[in-house]
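Engineer: CSV, C-alpha atoms, file entry.csv:
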```csv
chain,number,residue,atom,x,y,z
C,3,MET,CA,38.1,-16.4,28.5
C,4,GLU,CA,36.4,-13.6,26.5
C,5,THR,CA,33.5,-14.8,24.5
C,6,ALA,CA,34.4,-15.3,20.8
C,7,SER,CA,32.7,-13.4,18.1
C,8,ILE,CA,30.5,-14.9,15.4
C,9,ILE,CA,30.8,-14.2,11.7
C,10,PHE,CA,27.6,-15.4,9.9
C,11,ILE,CA,27.7,-16.1,6.1
C,12,THR,CA,24.8,-17.1,3.9
C,13,GLY,CA,24.3,-17.6,0.2
C,14,GLY,CA,22.6,-19.7,-2.4
C,15,VAL,CA,23.9,-23.0,-3.6
C,16,ARG,CA,27.3,-22.7,-5.3
C,17,SER,CA,27.4,-19.0,-4.4
C,18,GLY,CA,31.0,-19.2,-3.2
C,19,LYS,CA,29.9,-18.9,0.5
C,20,SER,CA,32.1,-21.7,1.7
C,21,SER,CA,35.2,-20.5,-0.1
C,22,PHE,CA,34.7,-17.0,1.3
C,23,ALA,CA,34.1,-18.4,4.8
C,24,GLU,CA,37.4,-20.4,4.6
C,25,LYS,CA,39.2,-17.3,3.5
C,26,LYS,CA,37.8,-15.3,6.4
C,27,ALA,CA,38.6,-18.0,8.9
C,28,ALA,CA,42.2,-18.4,7.5
C,29,GLU,CA,42.8,-14.6,7.7
C,30,ARG,CA,41.7,-14.5,11.3
C,31,ALA,CA,43.8,-17.5,12.2
C,32,SER,CA,46.9,-16.0,10.7
C,33,GLU,CA,46.3,-12.6,12.5
C,34,ILE,CA,46.2,-14.3,15.9
C,35,GLY,CA,48.5,-17.2,15.2
C,36,GLY,CA,45.6,-19.6,15.9
C,37,SER,CA,44.6,-23.0,14.6
C,38,LEU,CA,41.9,-23.7,12.0
C,39,HIS,CA,39.1,-26.2,12.7
C,40,TYR,CA,36.5,-27.3,10.2
C,41,LEU,CA,33.2,-28.5,11.6
C,42,ALA,CA,31.6,-30.5,8.9
C,43,THR,CA,27.9,-31.3,9.4
C,44,GLY,CA,27.3,-33.0,6.1
C,45,MET,CA,27.2,-36.8,6.0
C,46,PRO,CA,28.5,-38.6,3.0
C,47,SER,CA,25.1,-40.3,2.4
C,48,ASP,CA,25.5,-40.9,-1.4
C,49,GLN,CA,28.0,-40.5,-4.3
C,50,GLU,CA,27.0,-36.9,-5.0
C,51,MET,CA,27.5,-35.8,-1.4
C,52,GLU,CA,30.8,-37.6,-1.3
C,53,ASN,CA,31.9,-35.7,-4.4
C,54,ARG,CA,30.8,-32.4,-2.9
C,55,ILE,CA,32.7,-33.1,0.3
C,56,ALA,CA,35.8,-34.2,-1.6
C,57,CYS,CA,35.7,-30.9,-3.5
C,58,HIS,CA,35.6,-28.9,-0.3
C,59,GLN,CA,38.4,-31.0,1.2
C,60,GLU,CA,40.5,-30.4,-1.9
C,61,ASP,CA,39.9,-26.6,-1.7
C,62,ARG,CA,41.0,-26.5,1.9
C,63,ARG,CA,44.1,-28.7,1.2
C,64,LYS,CA,45.1,-26.3,-1.7
C,65,SER,CA,44.6,-23.2,0.5
C,66,GLY,CA,48.0,-23.8,2.1
C,67,PHE,CA,46.5,-23.6,5.6
C,68,SER,CA,46.3,-26.6,7.8
C,69,TRP,CA,42.7,-27.5,8.9
C,70,LYS,CA,41.7,-30.0,11.5
C,71,THR,CA,38.4,-31.5,10.4
C,72,TRP,CA,35.6,-32.6,12.7
C,73,GLU,CA,32.8,-34.6,11.2
C,74,GLN,CA,29.8,-34.3,13.4
C,75,SER,CA,26.3,-34.4,12.0
C,76,THR,CA,24.4,-33.7,15.3
C,77,ASN,CA,25.2,-32.5,18.8
C,78,ILE,CA,28.0,-30.2,17.7
C,79,GLY,CA,28.1,-28.6,21.2
C,80,SER,CA,29.7,-31.9,22.5
C,81,LEU,CA,32.9,-30.9,20.7
C,82,ALA,CA,33.2,-27.6,22.7
C,83,SER,CA,35.6,-28.8,25.3
C,84,GLY,CA,38.1,-29.9,22.6
C,85,PHE,CA,38.8,-26.3,21.5
C,86,ARG,CA,41.2,-23.7,22.8
C,87,GLU,CA,41.4,-19.9,23.2
C,88,LYS,CA,43.3,-19.4,19.9
C,89,ASP,CA,41.1,-21.7,17.7
C,90,VAL,CA,39.2,-20.4,14.7
C,91,LEU,CA,36.2,-22.6,13.9
C,92,LEU,CA,34.3,-22.8,10.7
C,93,LEU,CA,30.9,-24.5,10.9
C,94,ASP,CA,29.6,-25.6,7.5
C,95,CYS,CA,26.7,-25.6,7.4
C,96,LEU,CA,23.7,-24.7,9.6
C,97,THR,CA,21.0,-25.9,7.3
C,98,THR,CA,22.4,-29.4,7.2
C,99,TRP,CA,22.9,-29.4,10.9
C,100,LEU,CA,19.3,-28.4,11.4
C,101,THR,CA,18.1,-31.2,9.0
C,102,ASN,CA,20.2,-33.7,10.9
C,103,GLU,CA,18.9,-32.7,14.3
C,104,LEU,CA,15.3,-32.8,13.1
C,105,PHE,CA,15.6,-36.3,11.7
C,106,SER,CA,17.9,-37.6,14.4
C,107,GLN,CA,14.9,-38.7,16.4
C,108,GLU,CA,11.7,-40.4,15.4
C,109,ALA,CA,9.4,-37.6,16.6
C,110,ASP,CA,6.4,-35.7,15.4
C,111,TRP,CA,7.3,-32.3,14.2
C,112,ASN,CA,5.0,-30.6,16.7
C,113,GLU,CA,5.5,-27.2,18.3
C,114,SER,CA,7.3,-28.5,21.4
C,115,TYR,CA,9.7,-30.7,19.4
C,116,LEU,CA,10.6,-27.8,17.0
C,117,LYS,CA,11.1,-25.5,19.9
C,118,ALA,CA,13.4,-27.9,21.6
C,119,VAL,CA,15.5,-28.4,18.5
C,120,PHE,CA,15.7,-24.6,18.0
C,121,HIS,CA,16.9,-24.0,21.5
C,122,ARG,CA,19.3,-26.9,21.4
C,123,ILE,CA,21.0,-25.5,18.4
C,124,LEU,CA,21.3,-22.0,19.9
C,125,THR,CA,22.7,-23.5,23.1
C,126,GLU,CA,25.2,-25.6,21.3
C,127,ILE,CA,26.4,-22.6,19.2
C,128,GLU,CA,26.8,-20.7,22.5
C,129,ALA,CA,28.8,-23.6,24.0
C,130,ILE,CA,31.3,-23.7,21.1
C,131,ARG,CA,31.7,-20.0,20.7
C,132,LYS,CA,32.6,-19.7,24.4
C,133,ASN,CA,35.6,-22.0,23.8
C,134,CYS,CA,37.3,-20.5,20.8
C,135,HIS,CA,38.5,-17.2,19.4
C,136,GLN,CA,36.3,-16.9,16.4
C,137,LEU,CA,33.3,-18.9,15.1
C,138,VAL,CA,32.4,-18.6,11.4
C,139,ILE,CA,28.9,-20.1,10.6
C,140,VAL,CA,27.9,-20.8,7.1
C,141,SER,CA,24.2,-21.3,6.1
C,142,ASN,CA,22.0,-21.5,3.0
C,143,GLU,CA,19.5,-19.0,1.7
C,144,VAL,CA,16.3,-21.2,1.5
C,145,LEU,CA,13.5,-18.7,2.0
C,146,SER,CA,12.8,-17.6,-1.5
C,147,ASP,CA,10.1,-20.1,-2.5
C,148,PRO,CA,6.4,-19.5,-1.9
C,149,LEU,CA,5.2,-21.3,1.1
C,150,HIS,CA,1.8,-23.0,1.2
C,151,GLU,CA,0.5,-25.3,4.0
C,152,LYS,CA,1.2,-24.3,7.6
C,153,ASN,CA,1.5,-28.0,8.5
C,154,ASP,CA,3.9,-28.7,5.7
C,155,LEU,CA,7.4,-29.9,6.6
C,156,VAL,CA,8.9,-27.3,4.3
C,157,PHE,CA,7.0,-24.5,6.0
C,158,MET,CA,8.1,-25.7,9.5
C,159,TYR,CA,11.7,-26.1,8.4
C,160,CYS,CA,11.7,-22.6,6.8
C,161,GLN,CA,10.2,-21.0,9.9
C,162,LEU,CA,12.9,-22.6,12.0
C,163,ILE,CA,15.8,-21.7,9.8
C,164,GLY,CA,14.5,-18.2,9.5
C,165,ASN,CA,14.3,-17.8,13.2
C,166,LEU,CA,17.8,-19.3,13.7
C,167,HIS,CA,19.3,-17.0,11.1
C,168,ARG,CA,17.7,-14.0,12.9
C,169,GLN,CA,19.0,-15.0,16.3
C,170,ILE,CA,22.5,-15.6,14.9
C,171,VAL,CA,22.6,-12.4,12.9
C,172,GLN,CA,21.7,-10.6,16.1
C,173,LYS,CA,24.6,-12.1,18.0
C,174,ALA,CA,27.1,-11.8,15.1
C,175,MET,CA,29.8,-9.3,14.9
C,176,GLN,CA,29.6,-9.5,11.1
C,177,ALA,CA,27.0,-10.9,8.7
C,178,TYR,CA,27.5,-11.5,5.0
C,179,ALA,CA,25.2,-12.4,2.2
C,180,VAL,CA,27.3,-13.9,-0.7
C,181,GLU,CA,25.8,-13.2,-4.1
C,182,ALA,CA,27.4,-15.0,-7.1
C,183,GLY,CA,30.7,-15.1,-5.4
C,184,VAL,CA,30.6,-11.5,-4.1
C,185,PRO,CA,30.3,-11.1,-0.4
C,186,VAL,CA,27.9,-8.3,0.7
C,187,LEU,CA,28.4,-7.1,4.2
C,188,MET,CA,25.0,-6.8,5.8
C,189,LYS,CA,26.1,-6.2,9.4
C,190,GLY,CA,29.2,-4.9,11.1
C,191,VAL,CA,32.2,-3.1,9.8
C,192,LYS,CA,34.8,-4.2,7.2
C,193,ARG,CA,38.1,-5.1,8.7
L,21,MET,CA,3.6,4.9,1.7
L,22,HIS,CA,6.2,2.4,2.9
L,23,PHE,CA,6.8,-1.0,1.4
L,24,VAL,CA,8.6,-3.6,3.5
L,25,THR,CA,9.6,-6.8,1.8
L,26,GLY,CA,12.1,-9.7,2.1
L,27,GLY,CA,12.0,-13.5,2.3
L,28,ALA,CA,9.7,-15.5,4.6
L,29,PHE,CA,10.5,-15.6,8.3
L,30,ASN,CA,13.1,-12.8,8.0
L,31,GLY,CA,11.7,-10.6,10.7
L,32,LYS,CA,9.6,-8.1,8.7
L,33,GLN,CA,6.8,-8.0,11.2
L,34,ALA,CA,9.2,-7.3,14.2
L,35,TRP,CA,11.0,-4.6,12.2
L,36,VAL,CA,7.7,-2.8,11.3
L,37,LYS,CA,6.5,-3.1,14.9
L,38,GLY,CA,9.7,-1.4,16.1
L,39,LYS,CA,9.6,1.3,13.5
L,40,TYR,CA,5.8,2.1,13.7
L,41,PRO,CA,4.6,1.3,17.2
L,42,GLY,CA,0.9,1.7,17.8
L,43,SER,CA,-0.2,1.2,14.3
L,44,GLU,CA,-3.4,-0.5,13.3
L,45,TRP,CA,-2.7,-4.0,11.8
L,46,ILE,CA,-4.7,-5.7,9.1
L,47,SER,CA,-3.3,-9.1,8.5
L,48,ALA,CA,-3.9,-11.5,5.7
L,49,TYR,CA,-2.3,-14.2,7.8
L,50,LYS,CA,-5.3,-13.9,10.2
L,51,GLY,CA,-7.7,-14.2,7.3
L,52,GLU,CA,-8.6,-10.5,7.3
L,53,PRO,CA,-9.6,-9.2,3.9
L,54,LEU,CA,-7.7,-6.5,2.0
L,55,VAL,CA,-9.0,-3.1,3.0
L,56,GLU,CA,-9.8,-1.2,-0.3
L,57,ASP,CA,-10.9,2.0,1.3
L,58,LEU,CA,-8.8,3.2,4.2
L,59,ASN,CA,-11.4,5.9,5.1
L,60,THR,CA,-13.4,3.1,6.7
L,61,LEU,CA,-10.6,2.9,9.4
L,62,SER,CA,-10.0,5.5,12.0
L,63,SER,CA,-6.3,5.1,12.6
L,64,THR,CA,-3.7,7.4,11.1
L,65,SER,CA,-1.0,4.7,10.8
L,66,ILE,CA,-2.1,1.5,9.2
L,67,VAL,CA,-0.1,-1.7,8.5
L,68,LEU,CA,-1.3,-4.1,5.9
L,69,GLU,CA,0.5,-7.4,6.3
L,70,GLY,CA,0.7,-10.4,4.0
L,71,LEU,CA,0.1,-8.7,0.6
L,72,GLU,CA,1.2,-11.9,-1.2
L,73,ILE,CA,-1.8,-13.7,0.3
L,74,TRP,CA,-4.3,-11.1,-0.9
L,75,LEU,CA,-2.6,-11.2,-4.3
L,76,LYS,CA,-3.0,-15.0,-4.4
L,77,GLU,CA,-6.7,-14.6,-3.7
L,78,HIS,CA,-7.1,-12.1,-6.5
L,79,SER,CA,-5.0,-14.1,-9.0
L,80,ALA,CA,-7.5,-16.9,-8.5
L,81,GLU,CA,-10.5,-14.7,-9.3
L,82,MET,CA,-9.3,-12.8,-12.3
L,83,THR,CA,-6.6,-12.7,-15.0
L,84,VAL,CA,-3.2,-11.4,-14.1
L,85,ASN,CA,-3.8,-8.1,-15.9
L,86,GLU,CA,-7.2,-7.6,-14.4
L,87,ALA,CA,-5.8,-8.2,-10.9
L,88,ARG,CA,-2.8,-5.9,-11.6
L,89,ASN,CA,-5.1,-3.1,-12.7
L,90,TYR,CA,-7.4,-3.6,-9.7
L,91,PHE,CA,-4.5,-3.5,-7.4
L,92,VAL,CA,-3.1,-0.3,-8.9
L,93,ASN,CA,-6.4,1.4,-8.4
L,94,VAL,CA,-6.4,0.3,-4.7
L,95,LEU,CA,-2.9,1.7,-4.3
L,96,ASN,CA,-3.8,5.0,-5.9
L,97,GLY,CA,-6.7,5.2,-3.3
L,98,TYR,CA,-4.2,4.6,-0.5
L,99,ILE,CA,-2.0,7.5,-1.8
L,100,ASP,CA,-5.1,9.8,-1.9
L,101,TRP,CA,-5.9,8.7,1.7
L,102,GLU,CA,-2.4,9.4,2.9
L,103,ASN,CA,-2.3,12.8,1.2
L,104,SER,CA,-5.8,14.0,2.4
L,105,ALA,CA,-4.7,14.6,6.0
L,106,GLN,CA,-1.5,15.3,7.9
L,107,ASN,CA,0.5,12.5,9.5
L,108,ARG,CA,-1.2,9.6,7.7
L,109,LYS,CA,1.0,6.7,7.0
L,110,ILE,CA,0.4,3.4,5.3
L,111,ILE,CA,2.9,0.5,5.6
L,112,ILE,CA,2.5,-2.6,3.4
L,113,ILE,CA,4.4,-5.8,4.2
L,114,GLY,CA,4.8,-8.4,1.4
L,115,THR,CA,6.9,-11.5,1.5
L,116,ASP,CA,9.1,-12.0,-1.5
L,117,ILE,CA,8.0,-15.2,-3.2
L,118,THR,CA,9.5,-14.5,-6.6
L,119,LYS,CA,13.0,-15.9,-6.4
L,120,GLY,CA,12.5,-19.7,-6.3
L,121,ILE,CA,12.1,-22.3,-9.0
L,122,VAL,CA,9.3,-21.7,-11.5
L,123,PRO,CA,6.2,-23.4,-10.0
L,124,ILE,CA,4.7,-26.3,-12.0
L,125,ASP,CA,1.1,-25.3,-11.3
L,126,LYS,CA,-0.3,-22.7,-13.7
L,127,ASN,CA,-2.2,-20.9,-10.9
L,128,ASP,CA,1.0,-20.7,-8.8
L,129,ARG,CA,2.9,-19.2,-11.8
L,130,ASN,CA,0.1,-16.6,-12.2
L,131,TRP,CA,0.2,-15.8,-8.6
L,132,ARG,CA,4.0,-15.3,-8.7
L,133,ASP,CA,3.8,-13.2,-11.8
L,134,LEU,CA,1.1,-11.0,-10.3
L,135,THR,CA,3.2,-10.6,-7.1
L,136,GLY,CA,6.2,-9.5,-9.1
L,137,TRP,CA,4.3,-6.9,-11.0
L,138,ALA,CA,2.3,-5.7,-8.0
L,139,TYR,CA,5.5,-5.2,-6.0
L,140,GLN,CA,6.9,-3.1,-8.8
L,141,ASP,CA,3.7,-1.1,-9.0
L,142,LEU,CA,3.8,-0.7,-5.2
L,143,SER,CA,7.5,0.4,-5.0
L,144,THR,CA,7.0,3.0,-7.7
L,145,ARG,CA,4.3,4.6,-5.5
L,146,CYS,CA,6.1,4.3,-2.2
L,147,SER,CA,8.4,7.0,-0.8
L,148,HIS,CA,10.2,4.3,1.2
L,149,VAL,CA,11.1,0.7,0.4
L,150,ASP,CA,13.0,-1.6,2.8
L,151,VAL,CA,14.2,-5.2,2.4
L,152,ILE,CA,14.5,-7.1,5.6
L,153,TRP,CA,17.3,-9.7,5.9
L,154,TYR,CA,17.2,-11.6,9.2
L,155,GLY,CA,16.1,-8.5,11.1
L,156,ILE,CA,18.4,-6.1,9.3
L,157,ASN,CA,16.9,-3.5,7.0
L,158,GLN,CA,18.4,-2.4,3.7
L,159,THR,CA,16.7,0.8,2.5
L,160,ILE,CA,16.5,0.6,-1.3
L,161,LYS,CA,14.3,3.6,-1.7
L,162,PRO,CA,15.0,6.5,-1.4
L,163,CYS,CA,18.2,5.6,-3.0
L,164,HIS,CA,21.2,7.4,-1.6
L,165,SER,CA,23.8,6.3,-4.2
L,166,LYS,CA,25.3,8.9,-6.5
L,167,GLU,CA,23.7,7.3,-9.7
L,168,LYS,CA,20.4,9.0,-10.3
```
Mind turning this structure into structure tokens?

Structural biologist:
Amino acid sequence: METASIIFITGGVRSGKSSFAEKKAAERASEIGGSLHYLATGMPSDQEMENRIACHQEDRRKSGFSWKTWEQSTNIGSLASGFREKDVLLLDCLTTWLTNELFSQEADWNESYLKAVFHRILTEIEAIRKNCHQLVIVSNEVLSDPLHEKNDLVFMYCQLIGNLHRQIVQKAMQAYAVEAGVPVLMKGVKR
Amino acid sequence: MHFVTGGAFNGKQAWVKGKYPGSEWISAYKGEPLVEDLNTLSSTSIVLEGLEIWLKEHSAEMTVNEARNYFVNVLNGYIDWENSAQNRKIIIIGTDITKGIVPIDKNDRNWRDLTGWAYQDLSTRCSHVDVIWYGINQTIKPCHSKEK
């Protein structure tokens, strides 16, 4: 099977990145007559999270397309074998996935642990993209605050997510930054 | 003079290394001080990295206005240095720290204010400004759009 291409989409909170990603995925699926899969990394940990998830589910129901939802907070790559050549996958979102992976084990956030998580995520992305037609990855813009202490958890998290974003943008066929609902094409050609 | 900015960990350093190989690097992240007079260096292509850190140091030592004026003087010196011989180039890398929540601490607010002003003062004096987004550069100066 030909390796699937990646579309990478980032934006701030409530920027409209998820809706845009759903639209892109649905367009692609109708073009090729493929099936839509939603890889949800967020866990309904409290009422607010439940509401947010319900809101996204409602959007997808209203879209008129049929989505199969996979709720998986860590180890997304384990789903890879369940997908087929004509599947279009939407992973929402990378920042949550990274958080889940980092906290899934009781470990010190030392260099080797962070490196291991970084490589695991890239390997798992590679595994799922090999088994589908198109992989759309949604992530958050979180690198706008001043960073202080090098040993701070926020600093380490930002470094990791920045490096992941760079790797994924490099692999991606298209990359978008969504600003206030407007998708700005940063890499690739419009199609 | 070329200003390269963008959020933290977006690949600014890698981009500059690719664009200006063989340049001399002075880095605030390594604790090196801001070079006020470039004539003390022998290279013709100089990269100053981590401008926001140097601005933080200065914002702790003087008022925002004093620091801004001081920095404008330094920049004007850089321009003179660049113009006084052929093929001289200065590249300044500064992380954008101005877009998050307003900091609670007064010193952090001052630092952020100063950084915003200084980046404007810098861009005005630069022939080239690029914003790096996860390794991809967006040239925002010179502006190629039809609006002038």

Engineer: Using only C-alpha atoms, can you tell me which of L:Ile112, L:Ile73, L:Ala28, L:Cys146 comes closest to chain C?

Structural biologist: L:Ala28

Engineer: Near Ser21 in chain C, counting only C-alpha atoms, which residues have an atom at most 10 Å away, once you skip same-chain residues fewer than 2 positions from it, shown as a count of residues only?

Structural biologist: 14

Engineer: Within 12 Å of range 78-80 of chain L, counting all atoms listed in the file, which residues qualify if same-chain residues fewer than 2 places away don't, as an mmCIF file with C-alpha atoms, keeping the file's coordinate frame?

Structural biologist:
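Ended up saving to selection35.cif:
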```
data_model
loop_
_atom_site.group_PDB
_atom_site.id
_atom_site.type_symbol
_atom_site.label_atom_id
_atom_site.label_comp_id
_atom_site.auth_asym_id
_atom_site.auth_seq_id
_atom_site.Cartn_x
_atom_site.Cartn_y
_atom_site.Cartn_z
ATOM 1 C CA PRO L 53 -9.600 -9.200 3.900
ATOM 2 C CA LEU L 54 -7.700 -6.500 2.000
ATOM 3 C CA LEU L 71 0.100 -8.700 0.600
ATOM 4 C CA GLU L 72 1.200 -11.900 -1.200
ATOM 5 C CA ILE L 73 -1.800 -13.700 0.300
ATOM 6 C CA TRP L 74 -4.300 -11.100 -0.900
ATOM 7 C CA LEU L 75 -2.600 -11.200 -4.300
ATOM 8 C CA LYS L 76 -3.000 -15.000 -4.400
ATOM 9 C CA MET L 82 -9.300 -12.800 -12.300
ATOM 10 C CA THR L 83 -6.600 -12.700 -15.000
ATOM 11 C CA VAL L 84 -3.200 -11.400 -14.100
ATOM 12 C CA ASN L 85 -3.800 -8.100 -15.900
ATOM 13 C CA GLU L 86 -7.200 -7.600 -14.400
ATOM 14 C CA ALA L 87 -5.800 -8.200 -10.900
ATOM 15 C CA ARG L 88 -2.800 -5.900 -11.600
ATOM 16 C CA ASN L 89 -5.100 -3.100 -12.700
ATOM 17 C CA TYR L 90 -7.400 -3.600 -9.700
ATOM 18 C CA PHE L 91 -4.500 -3.500 -7.400
ATOM 19 C CA LYS L 126 -0.300 -22.700 -13.700
ATOM 20 C CA ASN L 127 -2.200 -20.900 -10.900
ATOM 21 C CA ASP L 128 1.000 -20.700 -8.800
ATOM 22 C CA ARG L 129 2.900 -19.200 -11.800
ATOM 23 C CA ASN L 130 0.100 -16.600 -12.200
ATOM 24 C CA TRP L 131 0.200 -15.800 -8.600
ATOM 25 C CA ARG L 132 4.000 -15.300 -8.700
ATOM 26 C CA ASP L 133 3.800 -13.200 -11.800
ATOM 27 C CA LEU L 134 1.100 -11.000 -10.300
ATOM 28 C CA THR L 135 3.200 -10.600 -7.100
ATOM 29 C CA TRP L 137 4.300 -6.900 -11.000
ATOM 30 C CA ALA L 138 2.300 -5.700 -8.000
#
```

Engineer: Would you give me, as a list in words, the residues of chain C that come within 8 Å of chain L, using only C-alpha atoms?

Structural biologist: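 Output check: Leu145, Ser146, Asp147, Pro148, Leu149, Cys160, Gln161, Gly164, Asn165, His167, Arg168, Val171, Gln172, Met188 and Lys189 of chain C.
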
Engineer: Measuring atom to atom with all atoms listed in the file, identify which of L:Leu142, L:Asp150, L:Gly97, L:Cys163 is nearest to Lys39 in chain L.

Structural biologist: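 Of all the options, L:Asp150 lies closest to Lys39 in chain L.
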
Engineer: Would you list the contacts of Ser141 in chain C as a PyMOL selection string, taking every protein, DNA or RNA residue within 9 Å and counting all atoms listed in the file, but skipping same-chain residues closer than 3 positions in sequence?

Structural biologist: chain C and resi 10-14+19+93-98+167

Engineer: Using all atoms listed in the file, can you tell me which of C:Ala42, C:Ala182, C:Ala31, C:Ala174 comes closest to Ser75 in chain C?

Structural biologist: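 Of the candidates, the smallest distance to Ser75 in chain C is held by C:Ala42.
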
Engineer: Between CA of Asn112 in chain C and CA of Ile139 in chain C, what distance in Å does the model show, to one decimal?

Structural biologist: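 Computed distance, CA of Asn112 in chain C to CA of Ile139 in chain C, equals 26.8 Å.
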
Engineer: What is the distance between CA of Ala6 in chain C and CA of Gly84 in chain C, in Å to one decimal?

Structural biologist: 15.2 Å
